[in-house]
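Visitor: So here's protein07.txt, just compact mmCIF, C-alpha atoms:
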# COMPACT_ATOMS: atom_id res chain seq x y z
CA MET A 250 -3.97 -16.60 26.53
CA ASN A 251 -1.77 -19.17 24.80
CA LYS A 252 1.63 -17.97 23.71
CA LYS A 253 1.01 -16.05 20.48
CA ARG A 254 3.44 -14.05 18.38
CA ILE A 255 2.06 -10.93 16.75
CA MET A 256 3.84 -8.83 14.13
CA ILE A 257 2.86 -5.17 13.89
CA ILE A 258 3.68 -3.46 10.61
CA VAL A 259 3.45 0.33 10.64
CA SER A 260 3.47 2.93 7.89
CA ARG A 261 5.94 5.80 8.37
CA PHE A 262 3.78 8.18 6.34
CA ASN A 263 1.83 10.41 8.77
CA GLN A 264 4.13 9.09 11.50
CA LYS A 265 2.71 11.22 14.32
CA ILE A 266 -0.62 9.47 13.75
CA THR A 267 0.79 5.98 13.15
CA GLN A 268 3.07 6.18 16.20
CA SER A 269 -0.02 6.79 18.33
CA LEU A 270 -1.73 3.80 16.69
CA LEU A 271 1.33 1.65 17.41
CA ASP A 272 1.55 2.76 21.04
CA ALA A 273 -2.10 1.87 21.60
CA ALA A 274 -1.76 -1.49 19.84
CA LYS A 275 1.28 -2.45 21.91
CA GLU A 276 -0.45 -1.40 25.13
CA THR A 277 -3.52 -3.47 24.23
CA LEU A 278 -1.42 -6.56 23.55
CA TYR A 279 0.57 -6.09 26.75
CA LYS A 280 -2.61 -5.71 28.84
CA ALA A 281 -3.93 -8.92 27.25
CA GLY A 282 -0.84 -10.80 28.40
CA VAL A 283 1.22 -10.76 25.22
CA PRO A 284 4.79 -10.04 26.32
CA GLU A 285 6.87 -7.58 24.35
CA SER A 286 9.20 -10.47 23.47
CA GLU A 287 6.33 -12.06 21.52
CA THR A 288 5.64 -9.00 19.37
CA GLY A 289 7.59 -7.55 16.49
CA VAL A 290 7.43 -4.11 14.93
CA VAL A 291 8.48 -3.26 11.39
CA TRP A 292 8.18 0.17 9.80
CA VAL A 293 7.48 0.51 6.06
CA PRO A 294 7.38 3.71 3.96
CA GLY A 295 3.61 3.94 3.46
CA ALA A 296 0.27 2.14 3.47
CA PHE A 297 0.83 0.88 -0.08
CA GLU A 298 3.82 -1.13 1.17
CA LEU A 299 1.92 -2.79 4.03
CA PRO A 300 0.69 -5.81 2.01
CA VAL A 301 4.12 -6.97 0.83
CA ALA A 302 5.53 -6.76 4.36
CA ALA A 303 2.41 -8.46 5.75
CA ALA A 304 2.82 -11.26 3.20
CA ARG A 305 6.36 -11.92 4.35
CA ALA A 306 5.31 -11.99 8.02
CA ALA A 307 2.15 -14.06 7.50
CA ARG A 308 3.95 -16.65 5.35
CA SER A 309 6.54 -17.08 8.09
CA ASP A 310 6.12 -19.62 10.86
CA ASN A 311 7.36 -16.95 13.28
CA TRP A 312 4.09 -15.02 13.51
CA ASP A 313 0.54 -16.09 14.34
CA ALA A 314 -1.12 -12.80 13.39
CA VAL A 315 -0.19 -9.58 11.62
CA VAL A 316 -1.54 -6.15 12.56
CA CYS A 317 -1.07 -3.46 9.90
CA LEU A 318 -1.29 0.18 10.93
CA GLY A 319 -1.29 3.21 8.68
CA CYS A 320 -2.93 6.51 7.91
CA VAL A 321 -4.02 7.81 4.52
CA ILE A 322 -5.59 11.28 4.44
CA ARG A 323 -7.56 12.33 1.37
CA GLY A 324 -5.86 14.97 -0.72
CA GLU A 325 -6.74 16.70 -3.96
CA THR A 326 -5.92 13.80 -6.31
CA PRO A 327 -7.22 10.24 -6.74
CA HIS A 328 -4.00 8.89 -5.17
CA PHE A 329 -5.91 8.39 -1.88
CA ASP A 330 -8.38 6.03 -3.56
CA TYR A 331 -5.69 3.89 -5.17
CA VAL A 332 -3.61 3.58 -2.01
CA CYS A 333 -6.58 2.76 0.23
CA GLN A 334 -8.17 0.28 -2.14
CA GLU A 335 -5.01 -1.63 -2.98
CA SER A 336 -3.75 -1.69 0.59
CA ALA A 337 -7.06 -3.11 1.83
CA ARG A 338 -7.28 -5.62 -1.02
CA GLY A 339 -3.68 -6.74 -0.56
CA LEU A 340 -4.05 -7.30 3.17
CA MET A 341 -7.30 -9.23 2.73
CA ASN A 342 -5.71 -11.43 0.07
CA ILE A 343 -2.77 -12.26 2.36
CA GLY A 344 -5.14 -13.26 5.16
CA LEU A 345 -7.16 -15.46 2.83
CA GLU A 346 -4.04 -17.02 1.32
CA THR A 347 -2.32 -17.82 4.62
CA GLY A 348 -5.31 -18.46 6.86
CA LYS A 349 -3.77 -16.16 9.46
CA PRO A 350 -5.36 -13.02 10.86
CA VAL A 351 -4.07 -10.02 8.91
CA ILE A 352 -5.70 -6.98 10.45
CA PHE A 353 -6.43 -3.78 8.50
CA GLY A 354 -5.70 -1.00 10.97
CA VAL A 355 -5.28 1.71 8.36
CA LEU A 356 -7.05 4.99 8.92
CA THR A 357 -8.62 6.31 5.72
CA THR A 358 -9.79 9.79 6.60
CA LEU A 359 -11.04 12.87 4.83
CA ASN A 360 -8.85 15.24 6.84
CA SER A 361 -6.18 15.41 9.51
CA HIS A 362 -8.69 16.17 12.28
CA GLN A 363 -10.41 12.82 11.67
CA ALA A 364 -7.02 11.07 11.65
CA MET A 365 -6.02 12.70 14.92
CA GLU A 366 -9.32 11.81 16.56
CA ARG A 367 -9.13 8.16 15.46
CA SER A 368 -5.55 7.85 16.66
CA GLY A 369 -6.33 9.18 20.11
CA LEU A 370 -4.73 12.57 19.51
CA THR A 371 -6.82 15.64 20.25
CA PRO A 372 -6.57 18.48 17.76
CA ALA A 373 -5.20 21.57 19.50
CA SER A 374 -8.01 23.59 18.00
CA LEU A 375 -10.87 22.68 15.76
CA PRO A 376 -12.17 24.97 13.02
CA GLU A 377 -14.83 27.39 14.23
CA GLY A 378 -18.21 25.72 14.55
CA GLU A 379 -16.77 22.18 14.50
CA SER A 380 -16.90 20.02 17.61
CA VAL A 381 -15.94 16.50 18.51
CA LYS A 382 -19.33 14.80 18.26
CA HIS A 383 -18.31 11.58 19.95
CA LEU A 384 -15.31 9.96 21.52
CA VAL A 385 -13.60 7.52 19.19
CA THR A 386 -11.38 4.74 20.43
CA ASN A 387 -7.81 4.70 19.20
CA LYS A 388 -7.99 2.44 16.15
CA GLY A 389 -4.63 0.91 17.10
CA THR A 390 -6.38 -0.54 20.14
CA GLU A 391 -9.18 -1.89 17.97
CA ALA A 392 -6.75 -3.46 15.48
CA ALA A 393 -4.76 -5.23 18.21
CA GLN A 394 -7.98 -6.44 19.84
CA ALA A 395 -9.22 -7.77 16.50
CA ALA A 396 -6.01 -9.83 16.18
CA LEU A 397 -6.47 -11.22 19.69
CA ASP A 398 -10.13 -12.02 19.00
CA MET A 399 -9.31 -13.82 15.75
CA LEU A 400 -6.55 -15.84 17.40
CA SER A 401 -9.01 -16.84 20.12
CA ILE A 402 -11.62 -17.84 17.54
CA PHE A 403 -9.05 -19.88 15.62
CA ALA A 404 -7.87 -21.58 18.84
CA ASP A 405 -11.46 -22.63 19.57
CA TRP A 406 -12.22 -23.54 15.96
CA GLY A 407 -12.73 -27.28 16.58
CA SER A 408 -15.21 -26.72 19.41
CA ILE A 409 -17.16 -24.18 17.36
CA TRP A 410 -18.13 -26.84 14.81
CA SER A 411 -18.57 -29.66 17.31
CA GLN A 412 -21.46 -27.87 19.03
CA PRO A 413 -24.01 -26.89 16.37
CA THR A 414 -26.37 -24.04 17.09
CA GLU A 415 -30.13 -24.62 16.79
CA GLY A 416 -31.13 -24.24 13.16
CA MET A 417 -27.57 -24.04 11.87
CA PRO A 418 -26.03 -26.75 9.69
CA GLU A 419 -23.75 -29.08 11.63
CA LYS A 420 -20.74 -28.65 9.34
CA PRO A 421 -21.05 -25.48 7.27
CA ALA A 422 -19.15 -25.38 4.02
CA ILE A 423 -15.94 -23.43 4.43
CA PRO A 424 -14.27 -22.23 1.23
CA GLN A 425 -10.80 -23.70 0.78
Let me see whether you can do it: turn the structure in this file into C-alpha cells.

Guide:
Amino acid sequence: MNKKRIMIIVSRFNQKITQSLLDAAKETLYKAGVPESETGVVWVPGAFELPVAAARAARSDNWDAVVCLGCVIRGETPHFDYVCQESARGLMNIGLETGKPVIFGVLTTLNSHQAMERSGLTPASLPEGESVKHLVTNKGTEAAQAALDMLSIFADWGSIWSQPTEGMPEKPAIPQ
C-alpha cells in the first residue's frame, strides 16, 4: 500500500465500547501495512462532536482519510435520534466537501448488549432467553477497512474510467 496517513477520531462517551473499536481499527491498519507513525488518534467528548473534528482533519493536508468511531445507545428520550442523525449527516457532508474518505464507524444501538457485541466485547451474561444469534465483526475493523478500500479506489481512480465496462458509459457524470 502507498504511504497513507489516517486520522482516527474517537468519542469518549461509552469509552469501554469505543476503546475496543479503536483497538480493532488500529490493528486492522497495522496488519494492512499502515505504520503507527502514519496514524493519528484524537478523542472528542461524544458522537455529536465527531463531525467538527473530522472537518478539521479532512481539510488538512496531513491526512488522507478520517475514521470516526463512536457509540450511541438508545435511551428514553429522542436525544439518540438527534445525535445519530446529525453525526451521520455531518460526517457525510465533510466527505463530500473534501473528497476524502470520512468513515462513519459509529455504533447506533438499541441497547448495551448490541453495542458490546458490535465492538467485539462479549456480554458477561445475557438476559434469560436471549442468545447471540450470529457473530458480528468488530465495527472498528470494518471502519478501518472501509478507509483502506476507499483510499485504494481513489488511488486507482484514473484506471477505473479508462477501462469501460460492457454496457457502461465511458465517462459517467460525476457530481462536482

Visitor: Contacts of Met341 of chain A at 9 Å or less, counting all atoms listed in the file, minus same-chain residues fewer than 5 places along, as a ChimeraX atom specification?

Guide: /A:300,336,346,351-353

Visitor: From the list A:Cys333, A:Met399, A:Leu370, A:Glu391, which residue is nearest Gly348 of chain A when using all atoms listed in the file?

Guide: A:Met399

Visitor: Quick one: distance from atom CA of Gln394 of chain A to atom CA of Ala296 of chain A in Å, one decimal?

Guide: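 So the answer is 20.2 Å.
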
Visitor: I need the residue nearest Asn360 of chain A from this list: A:Leu400, A:Val321, A:Lys265, A:Val290. Use only C-alpha atoms for the distance.

Guide: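 When distances to Asn360 of chain A are compared using only C-alpha atoms, the smallest one comes from A:Val321.
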
Visitor: Around the point (2.6, -6.9, 13.6) (coordinates from the file), which residues reach within 12 Å if we count all atoms listed in the file? Answer as JSON, numbers by chain.

Guide: {"A": [253, 254, 255, 256, 257, 258, 259, 260, 270, 271, 274, 275, 278, 285, 287, 288, 289, 290, 291, 292, 293, 299, 300, 302, 303, 304, 305, 306, 307, 311, 312, 313, 314, 315, 316, 317, 318, 319, 349, 350, 351, 352, 353, 354, 389, 392, 393, 396, 397]}

Visitor: When you draw a straight line from atom CA of Leu359 of chain A to atom CA of Ala395 of chain A, how long is it in Å?

Guide: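 These two atoms are separated by 23.8 Å.
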